[in-house]
Structure formats: structure tokens, C-alpha cells
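Below: entry_15.cif (mmCIF, C-alpha atoms and all ligand atoms)
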data_start
loop_
_atom_site.label_atom_id
_atom_site.label_comp_id
_atom_site.auth_asym_id
_atom_site.auth_seq_id
_atom_site.Cartn_x
_atom_site.Cartn_y
_atom_site.Cartn_z
CA MET K 295 -16.82 -19.91 2.67
CA SER K 296 -13.51 -19.14 0.97
CA SER K 297 -10.28 -19.61 2.88
CA TYR K 298 -8.91 -16.19 1.85
CA VAL K 299 -8.63 -14.33 5.14
CA LEU K 300 -7.22 -11.12 3.69
CA PHE K 301 -8.89 -9.05 0.95
CA GLY K 302 -6.89 -6.20 -0.62
CA LEU K 303 -7.91 -3.50 -3.09
CA GLU K 304 -5.88 -0.98 -5.06
CA ASN K 305 -3.94 -0.42 -8.28
CA PRO K 306 -2.24 -3.37 -9.98
CA LEU K 307 0.84 -1.67 -11.45
CA LEU K 308 3.98 -2.77 -13.17
CA ASP K 309 7.15 -1.08 -11.88
CA TYR K 310 9.40 0.18 -14.67
CA TYR K 311 12.87 1.07 -13.37
CA VAL K 312 14.57 3.91 -15.23
CA GLY K 313 18.26 4.75 -14.77
CA GLY K 314 19.94 8.13 -14.88
CA GLU K 315 19.31 9.01 -11.23
CA ASP K 316 19.49 12.80 -10.66
CA ALA K 317 19.56 13.63 -14.39
CA THR K 318 16.31 11.71 -14.94
CA LEU K 319 14.71 13.32 -11.89
CA GLN K 320 15.62 16.72 -13.24
CA LYS K 321 14.49 15.95 -16.77
CA TYR K 322 11.00 15.05 -15.58
CA GLY K 323 10.75 17.51 -12.69
CA LEU K 324 10.58 14.74 -10.05
CA LYS K 325 11.64 14.89 -6.39
CA SER K 326 14.07 12.20 -5.21
CA ASN K 327 11.63 10.76 -2.64
CA ASP K 328 8.06 11.16 -3.75
CA ALA K 329 5.11 9.46 -5.44
CA VAL K 330 3.05 11.33 -8.03
CA LEU K 331 0.57 10.75 -10.82
CA ALA K 332 2.29 11.48 -14.14
CA SER K 333 1.33 14.72 -15.85
CA GLU K 334 1.23 15.07 -19.65
CA ASN K 335 4.82 16.34 -19.83
CA GLN K 336 6.14 13.41 -17.79
CA MET K 337 4.83 10.72 -20.14
CA GLY K 338 8.19 10.51 -21.92
CA ILE K 339 9.60 8.73 -18.87
CA TYR K 340 7.90 5.48 -19.97
CA LYS K 341 9.94 5.59 -23.17
CA GLU K 342 13.28 5.91 -21.37
CA PRO K 343 15.41 2.75 -21.53
CA CYS K 344 14.23 0.26 -18.92
CA VAL K 345 16.80 -0.99 -16.41
CA SER K 346 14.49 -3.66 -15.02
CA TYR K 347 10.81 -4.19 -14.32
CA GLY K 348 8.62 -6.18 -11.99
CA ALA K 349 5.29 -6.31 -10.19
CA GLY K 350 4.51 -3.16 -8.22
CA GLY K 351 1.43 -1.35 -6.99
CA ALA K 352 1.71 -0.47 -3.31
CA ALA K 353 -1.13 -2.58 -1.89
CA GLN K 354 -0.45 -5.38 -4.35
CA ASN K 355 3.12 -5.44 -2.98
CA SER K 356 1.71 -5.56 0.57
CA CYS K 357 -0.62 -8.41 -0.27
CA ARG K 358 2.26 -10.38 -1.83
CA ALA K 359 4.30 -9.69 1.32
CA ALA K 360 1.43 -10.78 3.58
CA GLN K 361 1.05 -14.00 1.60
CA TYR K 362 4.79 -14.59 2.07
CA VAL K 363 4.19 -15.23 5.78
CA LEU K 364 0.62 -16.58 5.71
CA PRO K 365 -0.50 -20.16 4.95
CA PRO K 366 -1.23 -20.90 1.26
CA ASN K 367 -4.36 -19.30 -0.27
CA SER K 368 -4.77 -16.67 2.44
CA THR K 369 -4.68 -13.45 0.40
CA VAL K 370 -6.62 -12.06 -2.53
CA PHE K 371 -6.11 -8.76 -4.35
CA ALA K 372 -8.51 -6.79 -6.57
CA GLY K 373 -7.94 -3.99 -9.08
CA CYS K 374 -8.26 -3.24 -12.79
CA VAL K 375 -5.80 -4.14 -15.57
CA GLY K 376 -5.77 -4.06 -19.38
CA ASP K 377 -5.71 -7.07 -21.68
CA ASP K 378 -1.97 -7.04 -22.36
CA ASP K 379 1.42 -8.55 -21.55
CA PHE K 380 1.87 -6.36 -18.48
CA ALA K 381 -1.35 -7.78 -17.02
CA ARG K 382 -0.16 -11.30 -17.77
CA MET K 383 3.13 -10.54 -16.00
CA LEU K 384 1.32 -9.22 -12.93
CA ARG K 385 -0.92 -12.27 -12.76
CA GLU K 386 2.10 -14.52 -13.10
CA SER K 387 4.12 -12.86 -10.37
CA ASN K 388 1.13 -12.80 -8.03
CA GLU K 389 0.59 -16.46 -8.71
CA LYS K 390 4.25 -17.17 -7.99
CA ALA K 391 3.83 -15.35 -4.68
CA GLY K 392 0.68 -17.35 -3.93
CA LEU K 393 -1.49 -14.24 -4.15
CA ARG K 394 -4.83 -14.68 -5.89
CA SER K 395 -5.60 -11.87 -8.37
CA VAL K 396 -9.23 -10.95 -8.99
CA PHE K 397 -8.71 -8.39 -11.70
CA ALA K 398 -11.35 -6.53 -13.61
CA VAL K 399 -10.18 -6.23 -17.23
CA ASP K 400 -10.63 -3.10 -19.30
CA PRO K 401 -9.47 -4.02 -22.82
CA SER K 402 -9.69 -0.38 -23.92
CA ALA K 403 -6.84 0.68 -21.60
CA THR K 404 -3.28 -0.46 -20.91
CA THR K 405 -2.17 -1.88 -17.57
CA GLY K 406 -0.87 0.79 -15.19
CA VAL K 407 2.85 1.51 -15.02
CA CYS K 408 4.94 3.15 -12.30
CA ALA K 409 8.30 4.62 -13.37
CA VAL K 410 10.79 4.14 -10.53
CA VAL K 411 13.92 6.30 -10.35
CA LEU K 412 16.43 5.31 -7.68
CA SER K 413 19.05 7.80 -6.49
CA ASN K 414 21.37 8.55 -3.56
CA ASN K 415 22.90 5.03 -3.55
CA ASN K 416 19.44 3.47 -3.88
CA LYS K 417 18.30 5.09 -0.63
CA CYS K 418 15.76 7.34 -2.37
CA ARG K 419 13.02 6.32 -4.76
CA SER K 420 10.86 8.53 -6.92
CA LEU K 421 7.62 7.03 -8.25
CA CYS K 422 5.78 8.45 -11.24
CA THR K 423 2.60 6.56 -12.12
CA ASN K 424 0.45 6.35 -15.21
CA LEU K 425 -2.60 4.52 -13.85
CA GLY K 426 -4.03 3.42 -17.22
CA ALA K 427 -6.57 0.65 -16.72
CA ALA K 428 -6.14 0.76 -12.91
CA ASN K 429 -8.00 4.07 -13.01
CA ASN K 430 -11.12 2.35 -14.35
CA TYR K 431 -11.98 0.14 -11.38
CA LYS K 432 -15.66 0.52 -10.57
CA LEU K 433 -17.93 -0.33 -7.66
CA GLU K 434 -19.71 -2.81 -9.93
CA ASN K 435 -16.41 -4.72 -10.33
CA LEU K 436 -16.23 -5.11 -6.56
CA LYS K 437 -19.88 -6.11 -6.32
CA ALA K 438 -19.56 -8.80 -9.02
CA PRO K 439 -20.66 -12.01 -7.24
CA GLU K 440 -17.33 -13.81 -7.72
CA VAL K 441 -15.50 -10.87 -6.11
CA TRP K 442 -17.99 -9.93 -3.41
CA SER K 443 -18.14 -13.53 -2.17
CA LEU K 444 -14.39 -13.24 -1.49
CA VAL K 445 -15.01 -10.01 0.44
CA GLU K 446 -17.67 -11.79 2.48
CA GLY K 447 -15.38 -14.74 3.13
CA SER K 448 -12.47 -12.56 4.33
CA ARG K 449 -11.64 -11.66 7.93
CA VAL K 450 -9.49 -8.56 7.35
CA ILE K 451 -9.77 -5.82 4.72
CA TYR K 452 -6.86 -3.76 3.44
CA VAL K 453 -7.22 -0.78 1.13
CA GLY K 454 -4.43 1.26 -0.37
CA GLY K 455 -4.92 5.01 0.01
CA TYR K 456 -3.90 5.33 -3.63
CA HIS K 457 -7.33 3.98 -4.51
CA LEU K 458 -8.81 7.28 -3.24
CA THR K 459 -7.97 8.68 -6.68
CA VAL K 460 -9.75 5.80 -8.41
CA SER K 461 -12.83 4.45 -6.62
CA PRO K 462 -13.49 5.82 -3.15
CA GLU K 463 -16.99 4.31 -3.57
CA SER K 464 -15.44 0.84 -3.58
CA MET K 465 -13.35 1.68 -0.51
CA LEU K 466 -16.49 2.85 1.29
CA GLU K 467 -18.43 -0.24 0.29
CA LEU K 468 -15.69 -2.39 1.82
CA ALA K 469 -15.60 -0.11 4.85
CA LYS K 470 -19.33 -0.46 5.48
CA HIS K 471 -19.09 -4.23 5.14
CA ALA K 472 -16.21 -4.23 7.63
CA VAL K 473 -18.25 -2.27 10.18
CA GLU K 474 -21.29 -4.45 9.72
CA LYS K 475 -19.27 -7.63 10.29
CA ASN K 476 -16.84 -6.06 12.78
CA LYS K 477 -13.81 -6.94 10.64
CA PRO K 478 -10.61 -4.90 10.99
CA TYR K 479 -10.44 -2.29 8.21
CA ILE K 480 -6.99 -1.00 7.42
CA MET K 481 -6.01 1.87 5.13
CA ASN K 482 -2.59 3.06 4.05
CA LEU K 483 -2.02 6.82 3.69
CA SER K 484 0.11 5.89 0.62
CA ALA K 485 1.46 9.31 -0.42
CA PRO K 486 1.56 12.95 0.72
CA PHE K 487 -0.40 14.22 -2.31
CA LEU K 488 -3.53 12.33 -1.26
CA SER K 489 -4.15 14.43 1.86
CA GLN K 490 -3.64 17.52 -0.27
CA PHE K 491 -5.53 16.85 -3.49
CA PHE K 492 -7.91 14.05 -2.45
CA LYS K 493 -8.73 15.37 1.03
CA GLU K 494 -12.47 15.01 0.71
CA GLN K 495 -12.17 11.35 -0.37
CA MET K 496 -9.63 10.70 2.41
CA ASP K 497 -11.94 12.27 5.00
CA SER K 498 -14.83 10.11 3.86
CA VAL K 499 -12.91 6.86 4.49
CA VAL K 500 -10.91 7.71 7.66
CA PRO K 501 -13.92 7.38 10.05
CA TYR K 502 -14.19 3.69 9.06
CA CYS K 503 -10.52 2.88 9.61
CA ASP K 504 -9.45 0.73 12.55
CA TYR K 505 -5.82 0.93 11.50
CA ILE K 506 -4.09 3.61 9.45
CA ILE K 507 -0.56 2.96 8.26
CA GLY K 508 1.74 5.60 6.79
CA ASN K 509 5.17 7.17 6.89
CA GLU K 510 6.42 10.45 8.32
CA SER K 511 5.92 12.58 5.20
CA GLU K 512 2.40 11.23 4.68
CA ILE K 513 1.24 11.94 8.24
CA LEU K 514 2.80 15.42 8.17
CA SER K 515 0.98 16.14 4.92
CA TYR K 516 -2.25 14.98 6.58
CA GLY K 517 -1.57 17.42 9.43
CA GLU K 518 -0.69 20.30 7.14
CA HIS K 519 -3.92 19.94 5.16
CA HIS K 520 -6.13 19.44 8.20
CA GLY K 521 -5.09 22.58 10.08
CA ILE K 522 -3.01 20.67 12.63
CA GLU K 523 -0.38 23.20 13.64
CA THR K 524 2.53 20.94 14.53
CA LYS K 525 5.33 19.10 12.77
CA ASP K 526 5.47 16.50 15.53
CA VAL K 527 4.67 13.11 13.96
CA GLY K 528 3.21 11.71 17.21
CA GLU K 529 0.95 14.74 17.71
CA VAL K 530 -0.45 14.58 14.19
CA ALA K 531 -0.94 10.81 14.55
CA LEU K 532 -2.85 11.45 17.80
CA ALA K 533 -5.10 13.92 15.97
CA LEU K 534 -5.75 11.43 13.15
CA ALA K 535 -6.41 8.61 15.62
CA SER K 536 -9.00 10.75 17.40
CA VAL K 537 -11.21 11.32 14.32
CA GLU K 538 -14.60 9.92 15.29
CA LYS K 539 -15.00 6.23 14.43
CA VAL K 540 -17.96 4.52 12.85
CA ASN K 541 -17.17 1.10 14.33
CA LYS K 542 -17.33 1.74 18.08
CA LYS K 543 -16.39 -1.86 18.88
CA ARG K 544 -12.76 -1.24 17.91
CA SER K 545 -10.35 1.54 18.85
CA ARG K 546 -8.14 3.04 16.14
CA ALA K 547 -4.37 2.65 15.84
CA VAL K 548 -2.24 4.93 13.66
CA VAL K 549 1.09 3.37 12.72
CA ILE K 550 3.82 5.59 11.26
CA THR K 551 7.06 4.14 9.91
CA GLN K 552 10.14 6.35 9.61
CA GLY K 553 12.65 4.36 7.59
CA ALA K 554 15.46 3.23 9.88
CA ASP K 555 14.08 5.31 12.74
CA ALA K 556 11.52 4.15 15.27
CA THR K 557 7.98 3.36 14.16
CA ILE K 558 5.41 5.40 16.06
CA VAL K 559 2.14 3.81 17.15
CA VAL K 560 -0.73 5.81 18.54
CA GLN K 561 -3.65 4.01 20.14
CA ASP K 562 -6.07 4.90 22.94
CA GLY K 563 -4.44 8.31 23.36
CA LYS K 564 -0.97 6.86 23.95
CA VAL K 565 2.16 7.14 21.81
CA ASN K 566 4.51 4.14 21.65
CA THR K 567 7.73 3.72 19.68
CA TYR K 568 9.24 0.54 18.19
CA LYS K 569 12.81 0.67 16.93
CA PRO K 570 13.52 -1.54 13.89
CA ASN K 571 16.74 -3.59 13.82
CA HIS K 572 19.72 -1.95 12.14
CA VAL K 573 20.44 -2.92 8.51
CA PRO K 574 24.05 -2.15 7.50
CA ALA K 575 24.26 0.23 4.50
CA GLU K 576 26.15 -2.34 2.41
CA GLU K 577 23.20 -4.75 2.69
CA ILE K 578 20.68 -2.23 1.29
CA VAL K 579 19.96 -2.95 -2.37
CA ASP K 580 16.68 -1.14 -3.10
CA THR K 581 14.41 0.64 -0.62
CA ASN K 582 11.46 0.69 -3.05
CA GLY K 583 8.57 -1.19 -1.45
CA ALA K 584 9.94 -1.29 2.11
CA GLY K 585 6.85 0.46 3.47
CA ASP K 586 4.61 -1.89 1.49
CA ALA K 587 6.39 -4.94 2.88
CA PHE K 588 6.02 -3.50 6.39
CA ALA K 589 2.28 -3.10 5.79
CA GLY K 590 2.16 -6.66 4.45
CA GLY K 591 3.66 -8.08 7.64
CA PHE K 592 1.39 -5.91 9.75
CA ILE K 593 -1.82 -7.00 8.04
CA ALA K 594 -0.72 -10.64 7.93
CA ALA K 595 -0.32 -10.56 11.71
CA LEU K 596 -3.78 -9.02 12.10
CA ALA K 597 -5.22 -11.69 9.80
CA GLU K 598 -3.83 -14.27 12.21
CA GLU K 599 -5.32 -12.35 15.15
CA HIS K 600 -2.00 -11.35 16.68
CA GLY K 601 -1.67 -8.16 18.73
CA ILE K 602 -0.11 -4.92 17.58
CA ASP K 603 3.36 -5.60 19.08
CA TYR K 604 3.78 -8.73 16.99
CA ALA K 605 2.27 -6.99 13.93
CA ILE K 606 4.94 -4.27 14.11
CA THR K 607 7.74 -6.79 14.62
CA LEU K 608 6.63 -8.86 11.63
CA GLY K 609 6.24 -5.66 9.58
CA HIS K 610 9.77 -4.52 10.44
CA TRP K 611 11.18 -7.92 9.54
CA LEU K 612 9.51 -8.01 6.11
CA GLY K 613 10.48 -4.38 5.42
CA GLN K 614 14.10 -5.26 6.14
CA GLU K 615 14.04 -8.39 4.01
CA CYS K 616 12.55 -6.34 1.16
CA ILE K 617 15.33 -3.73 1.08
CA LYS K 618 18.01 -6.43 0.86
CA VAL K 619 16.75 -7.54 -2.57
CA SER K 620 16.03 -5.70 -5.80
CA GLY K 621 12.45 -4.63 -6.54
CA THR K 622 9.48 -4.95 -4.23
CA THR K 623 9.70 -8.71 -3.95
CA LEU K 624 10.98 -10.78 -1.04
CA PRO K 625 13.86 -13.27 -0.99
CA LEU K 626 13.28 -16.75 -2.40
CA PRO K 627 13.50 -19.47 -1.21
CA LYS K 628 11.32 -18.14 1.54
CA LYS K 629 12.90 -17.14 4.80
CA GLN K 630 11.11 -17.91 8.06
CA TYR K 631 10.61 -15.30 10.76
C1 LIG R 701 -2.02 6.13 -7.73
N1 LIG R 701 -0.62 5.89 -7.56
C2 LIG R 701 0.23 7.02 -7.77
C3 LIG R 701 -0.15 4.64 -7.18
C4 LIG R 701 1.23 4.34 -7.03
C5 LIG R 701 1.58 3.07 -6.56
N2 LIG R 701 0.69 2.11 -6.28
C6 LIG R 701 -0.59 2.45 -6.46
N3 LIG R 701 -1.02 3.66 -6.91
N4 LIG R 701 2.38 5.04 -7.23
C7 LIG R 701 3.40 4.22 -6.90
N5 LIG R 701 2.92 3.02 -6.50
C8 LIG R 701 3.66 1.83 -6.07
O1 LIG R 701 4.32 2.07 -4.88
C9 LIG R 701 5.26 1.01 -4.74
C10 LIG R 701 6.32 1.39 -3.76
O2 LIG R 701 5.79 1.67 -2.54
C11 LIG R 701 4.74 1.43 -7.05
O3 LIG R 701 4.21 0.59 -8.04
C12 LIG R 701 5.76 0.72 -6.14
O4 LIG R 701 5.79 -0.68 -6.35
#
Here is the file; what I need is its structure written in the form of C-alpha cells.
Amino acid sequence: MSSYVLFGLENPLLDYYVGGEDATLQKYGLKSNDAVLASENQMGIYKEPCVSYGAGGAAQNSCRAAQYVLPPNSTVFAGCVGDDDFARMLRESNEKAGLRSVFAVDPSATTGVCAVVLSNNNKCRSLCTNLGAANNYKLENLKAPEVWSLVEGSRVIYVGGYHLTVSPESMLELAKHAVEKNKPYIMNLSAPFLSQFFKEQMDSVVPYCDYIIGNESEILSYGEHHGIETKDVGEVALALASVEKVNKKRSRAVVITQGADATIVVQDGKVNTYKPNHVPAEEIVDTNGAGDAFAGGFIAALAEEHGIDYAITLGHWLGQECIKVSGTTLPLPKKQY
């Protein structure tokens, strides 16, 4: 049996920071706080001068964050990359973070890139992604013996909702395995557009989820596209939590972060709130990846069989450490919670 307790799946992306703030947003028709797949007329953004770059990919960020607090060799992450320098950089930064990459390689495509535009004193981030090779992950990549044995050896499974656009079959395969072995299965809502344009795929995975993590705009988008007539985050989370479950041995928790405001947790028909500690504005460097770091802390706590209170606390702490440094990485040398 492998020692990797946490198995993650999603898009291995490189984050490509572009300057210009509002002018760049306008030029490419982007909203200041959003995440989209790049359309044909947004492709020019990847030719804009690069301010900085680094490992990205929402679930890959979360897995790096989880590994930050877990014992060595606890976390493994799967996805598809090209055979290029970007892929080498991703492997390197995962390795530095202690995260094992099990990448499928599609030499006919380039590694996925996410253009990041910060604005409003770095408080807002707009993400515009060209998935490239990440889009070519297949169920057969997951079922390859060297990958599937890691799935079997894991205790907790984390899937990024962004993978709904790529390989919902792989997400379902992991989900069925999780039910069969009664392992916690966690999905992130990832972005508002998924509930809108990938609703059917989303609805096929939700019944398997023991934990669903998201933010306020993602849960409200879920509500809007599921005929839930309220803008109350707790109410929509209650509705999502009550979707019939496949694994009857576990109840479902829906966890909604709201930036500096209280995180809302819905479980067993009850709504609880958890206020994160205050981070002074002058300490905030880059909010990109805060939600991913939160998810990383949350899933790390579950992997160590802690309860939900501790999972939220650890998530808040990692989210706050993440926004104090540039990019989606965490401070080094490692801080201890
Ligand atoms: C399919 N899409 C659009 C995406 C992403 C994504 N990760 C996976 N799939 N769009 C943006 N991201 C990542 O989100 C992180 C911030 O939460 C970015 O790479 C960024 O690191």
C-alpha cells in the first residue's frame, strides 16, 4: 500500500501574471473577479508581457497546500500536461512542495496556462485559462495501473470542479471507488460558470460528494441555475447539501468561504458560521489562490481524520498565509500552525 493518503485530480496549470490591471481587463473583456475559459478573441492575453509566473491550477494549489501541513509523501496529484518547459516547471514546483505529480503527457498539446490579472490593490483576481493539454485527460489515464494503485492506496479523494469540463468520467470513477470503500469524497465548486454551462456534469457528481467546498459567488450560481429562488448563501447551501447522497454512511457538508467574512458550513440541516481572523490590508499581497489554500487545509485535516471544526480552522490559517505572499504558494521556510 502506498503512503499517499490524499489523491487529487484536476488541471495542472501554469499561472501567467499579466499587468495592466483595469486596462487589461477591458482589453480582453474580463471581469475583475472571475474565472473563465479563454475564448478565441482572448488568446492574445498569453502574449502580453509577463509580470511573473508560477505553478497554478486550483486543485493542484490545494494539494500543494495540503502537503504543506501533512507529513512527507502524503499527497499525490493527477492531470494532463504537454511535453514542454511549463510541464517541467510544474513538476519541479510540486516536487519542491513535496507533492507527487502523476501526470499523463500529451506531446501533441502544450501545458495549460492561466492568465491572472490582479486589480483593486491586488484584492481582485481575474483568471482566464487556456487548458491546452489539461483538457486531454482521459479515464484510461486514471485507470493506468501506476495511477489507480495510488487511488486505491489513498484515504481521501479530492476533485476540482474545474475537471467537470475535462473528464467527468474520471471524477465519477473516483466517486464510485470512494463510495465502495467509504472514503470521504470532496469536490470544489471551483467557478460560477460550471453550474451554468456544465450543469449536467455537475449534477452527475454531486450525489457522490461528502463535502462540497465553494465560495459565495459559486454557491449563488448553483442556486440560480437550479431554480433555487433565494440569494441567501446559507439557504442555497442547505438545498445543495440535501441533494440525495449515494454513500448513505456519511452525511454531506457544504462549506462556503466568503473572503474575510465568515465561512458558512451546512451539515445535517444546520447552518454554522466560522469567522476567519482579521488580516490587515497592508499585509495582503495577492489574494489569488486563497480559496485553494483554504481547501488544502480543509482536506489535509480530513486526511488526518480531524473533525470539521479543526478542518475549517486549518483552512482559514492556510488561506491567510497564502494571501500574505505572492502567487498561490505558501511561505518558506514552512510555518507551523
Ligand atoms: C478549467 N479552468 C478554467 C481552470 C482554472 C484553474 N484551475 C483549473 N481549471 N482556471 C483558473 N484556475 C486556477 O485557479 C487558481 C486560483 O484559484 C489558476 O491556475 C489559479 O492558480
| Which protein, DNA or RNA residues have an atom within 8 Å of ligand LIG 701 (chain R), counting only C-alpha atoms and all ligand atoms, as a PyMOL selection string? | chain K and resi 304-309+329-331+349-355+407-410+421-425+454+456-457+459-460+484-485+582-586+621-622
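Considering only C-alpha atoms, the residue among K:Leu514, K:Met337, K:Leu608, K:Val548 positioned nearest to K:Pro570 is K:Leu608.
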| task | Name the residues in contact with K:Leu624 at a cut-off of 8 Å, using only C-alpha atoms, excluding same-chain residues fewer than 3 positions from it; report them as a ChimeraX atom specification. | result | /K:359,362,612,615-616,619,628
Per residue of stretch 384-489 of chain K within 8 Å of stretch 494-508 of chain K, note the shortest atom pair and the distance in Å to one decimal, counting only C-alpha atoms, and order the rows by chain and increasing residue number, as CSV.
residue,atom,partner,partner_atom,distance
K:Gly455,CA,K:Met496,CA,7.8
K:Leu458,CA,K:Gln495,CA,6.0
K:Pro462,CA,K:Gln495,CA,6.3
K:Met465,CA,K:Val499,CA,7.2
K:Leu466,CA,K:Val499,CA,6.3
K:Ala469,CA,K:Tyr502,CA,5.8
K:Lys470,CA,K:Tyr502,CA,7.5
K:Val473,CA,K:Tyr502,CA,7.3
K:Pro478,CA,K:Asp504,CA,6.0
K:Tyr479,CA,K:Cys503,CA,5.4
K:Ile480,CA,K:Tyr505,CA,4.7
K:Met481,CA,K:Ile506,CA,5.0
K:Asn482,CA,K:Ile507,CA,4.7
K:Leu483,CA,K:Gly508,CA,5.0
K:Ser484,CA,K:Gly508,CA,6.4
K:Leu488,CA,K:Met496,CA,7.3
K:Ser489,CA,K:Met496,CA,6.7
| request: Figure out the distance between atom CA of K:Gly590 and atom CA of K:Gly609, please, to one decimal in Å. | output: 6.6 Å
| field | Neighbour list for stretch 551-563 of chain K as a ChimeraX atom specification, cut-off 7 Å, only C-alpha atoms, skip fewer than 5 positions in-chain | value | /K:508-510,528,531-532,535,545-546,568-570
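From atom CA of K:Ala360 back to atom CA of K:Lys390, the distance works out to 13.5 Å.
Coordinates place atom CA of K:Ile513 at a distance of 25.3 Å from atom CA of K:Gly373.
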| request: Around the point (2.7, 18.2, 13.2), in the coordinates given by the file, pick out the residues reaching within 9 Å, counting only C-alpha atoms, and return them as a PyMOL selection string. | output: chain K and resi 513-518+522-531
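The smallest atom-to-atom distance between K:Phe592 and any of K:Asn367, K:Ser511, K:Gln361, K:Gln630, using all atoms listed in the file, is found for K:Gln361.
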| request: Tell me, as a list in words, which residues lie within 12 Å of K:Glu599, counting all atoms listed in the file; anything in the same chain fewer than 3 positions away does not count. | output: Val299, Leu300, Leu364, Arg449, Val450, Lys477, Pro478, Phe592, Ile593, Ala594, Ala595, Leu596, Ile602, Asp603, Tyr604 and Ala605 of chain K
Find the residues around K:Val396 up to 7 Å (only C-alpha atoms counted), leave out those fewer than 2 positions away in its own chain, and share them as a PDB file with C-alpha atoms, keeping the file's coordinate frame.
ATOM      1  CA  PHE K 371      -6.110  -8.760  -4.350  1.00  0.00           C
ATOM      2  CA  ALA K 372      -8.510  -6.790  -6.570  1.00  0.00           C
ATOM      3  CA  ARG K 394      -4.830 -14.680  -5.890  1.00  0.00           C
ATOM      4  CA  ALA K 398     -11.350  -6.530 -13.610  1.00  0.00           C
ATOM      5  CA  VAL K 441     -15.500 -10.870  -6.110  1.00  0.00           C
TER       6      VAL K 441
END
| remark: Shortest contact to K:Gly314, candidates K:Gln614, K:Ser413, K:Ser356, K:Gln336, atoms counted all atoms listed in the file, goes to K:Ser413
| field | For K:Val579: contacts at 9 Å, all atoms listed in the file, fewer than 4 positions along chain excluded, given as a PyMOL selection string | value | chain K and resi 415-417+575+616-621
| request: Compare K:Ser395, K:Gln320, K:Ser326, K:Thr581 by their minimum atom-to-atom distance to K:Glu440, counting all atoms listed in the file, and give me the closest one. | output: K:Ser395
Could you add the missing atoms to stretch 366-383 of chain K, up to N, CA and C atoms, and return them as a tab-separated table (two decimals), in the frame of the given file?
chain	number	residue	atom	x	y	z
K	366	PRO	N	-0.79	-21.00	2.66
K	366	PRO	CA	-1.23	-20.90	1.26
K	366	PRO	C	-2.69	-20.48	1.14
K	367	ASN	N	-2.98	-19.74	0.04
K	367	ASN	CA	-4.36	-19.30	-0.27
K	367	ASN	C	-4.99	-18.46	0.83
K	368	SER	N	-4.22	-17.52	1.38
K	368	SER	CA	-4.77	-16.67	2.44
K	368	SER	C	-5.16	-15.29	1.92
K	369	THR	N	-4.57	-14.87	0.79
K	369	THR	CA	-4.68	-13.45	0.40
K	369	THR	C	-5.18	-13.30	-1.02
K	370	VAL	N	-6.07	-12.32	-1.21
K	370	VAL	CA	-6.62	-12.06	-2.53
K	370	VAL	C	-6.56	-10.55	-2.78
K	371	PHE	N	-6.30	-10.18	-4.03
K	371	PHE	CA	-6.11	-8.76	-4.35
K	371	PHE	C	-6.93	-8.38	-5.58
K	372	ALA	N	-7.65	-7.25	-5.48
K	372	ALA	CA	-8.51	-6.79	-6.57
K	372	ALA	C	-8.03	-5.45	-7.11
K	373	GLY	N	-8.27	-5.25	-8.42
K	373	GLY	CA	-7.94	-3.99	-9.08
K	373	GLY	C	-8.27	-4.16	-10.55
K	374	CYS	N	-7.92	-3.16	-11.37
K	374	CYS	CA	-8.26	-3.24	-12.79
K	374	CYS	C	-7.00	-3.18	-13.66
K	375	VAL	N	-6.94	-4.08	-14.63
K	375	VAL	CA	-5.80	-4.14	-15.57
K	375	VAL	C	-6.32	-4.09	-17.00
K	376	GLY	N	-5.41	-3.96	-17.97
K	376	GLY	CA	-5.77	-4.06	-19.38
K	376	GLY	C	-5.68	-5.51	-19.83
K	377	ASP	N	-5.85	-5.71	-21.13
K	377	ASP	CA	-5.71	-7.07	-21.68
K	377	ASP	C	-4.39	-7.10	-22.44
K	378	ASP	N	-3.27	-7.19	-21.71
K	378	ASP	CA	-1.97	-7.04	-22.36
K	378	ASP	C	-0.89	-7.85	-21.63
K	379	ASP	N	0.32	-7.77	-22.15
K	379	ASP	CA	1.42	-8.55	-21.55
K	379	ASP	C	1.72	-8.12	-20.12
K	380	PHE	N	1.59	-6.83	-19.85
K	380	PHE	CA	1.87	-6.36	-18.48
K	380	PHE	C	0.91	-7.03	-17.50
K	381	ALA	N	-0.36	-7.14	-17.89
K	381	ALA	CA	-1.35	-7.78	-17.02
K	381	ALA	C	-0.99	-9.25	-16.81
K	382	ARG	N	-0.55	-9.89	-17.90
K	382	ARG	CA	-0.16	-11.30	-17.77
K	382	ARG	C	1.03	-11.44	-16.81
K	383	MET	N	1.98	-10.48	-16.91
K	383	MET	CA	3.13	-10.54	-16.00
K	383	MET	C	2.71	-10.36	-14.54
